[in-house]
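Asks: Shown below is the structure under consideration.
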Amino acid sequence: MGDSFHDQLAEDGAFLRAERRLDTELVDKIILQLNRIYPQILTDKEATKFRNLDVPTCVRRGELLTHLQAKGEEACREFYRALHLHVEDVYYSLPTRLRLRDSVDPLTLPSAYKERHVMNDNGPLFFIGCFSVAVGMALVYYFGGKELFSVWHTYNPRWI
């Protein structure tokens, strides 16, 4: 990921401030999670301030983001965790997430990663051939060829 959560929040801040999908209810859920689970990040007094319904949601969102950036790296990380938990579609549409997703293109991965998972260089015909041999042996065993595969076939009383 490279960037710290603090840097990511600074980059995503404008998007989050303008995002209409973060309505009052979702902002309150995020504030409550940060307050209840991480009271060192958001105290009761701060949570009450950010949950004030007299203040428009867009203003409360902006103040919350500014407050979390001032608190540091751990606060920013926990905000991203709460955002991912409560508003997953917004989380995956963040500019930093989109950049990360676009930068990890499976077609442009280095060849070292591709070779690490290659089991063998044989193609699908080799697999089909081996599978056919195994199925053939299973059918011969199942339909009466048990004597061919038995180790103790010389002790079989039917042969006496």
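Residues in the structure tokens are numbered from 1 in each chain, the chains being A, B, ... in the order shown, and ligands are numbered from 1 in the order shown.
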Might you pull out every residue within 12 Å of segment 29-33 of chain A, with only C-alpha atoms counted and same-chain residues fewer than 5 positions away left off, and present them as a PyMOL selection string?

Replies: chain A and resi 22-24+38-52+60-61+63-65+67-68+75+78-87

Asks: Could you jot down the atom CA of Lys71 of chain A to atom CA of Phe5 of chain A separation for me, Å, one decimal place?

Replies: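 A separation of 11.8 Å between them.
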
Asks: Which of these residues is nearest to Ala70 of chain A, using only C-alpha atoms: A:Leu98, A:Leu139, A:Ala10, A:Asp3?

Replies: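 Comparing A:Leu98, A:Leu139, A:Ala10, A:Asp3 against Ala70 of chain A, the winner is A:Ala10.
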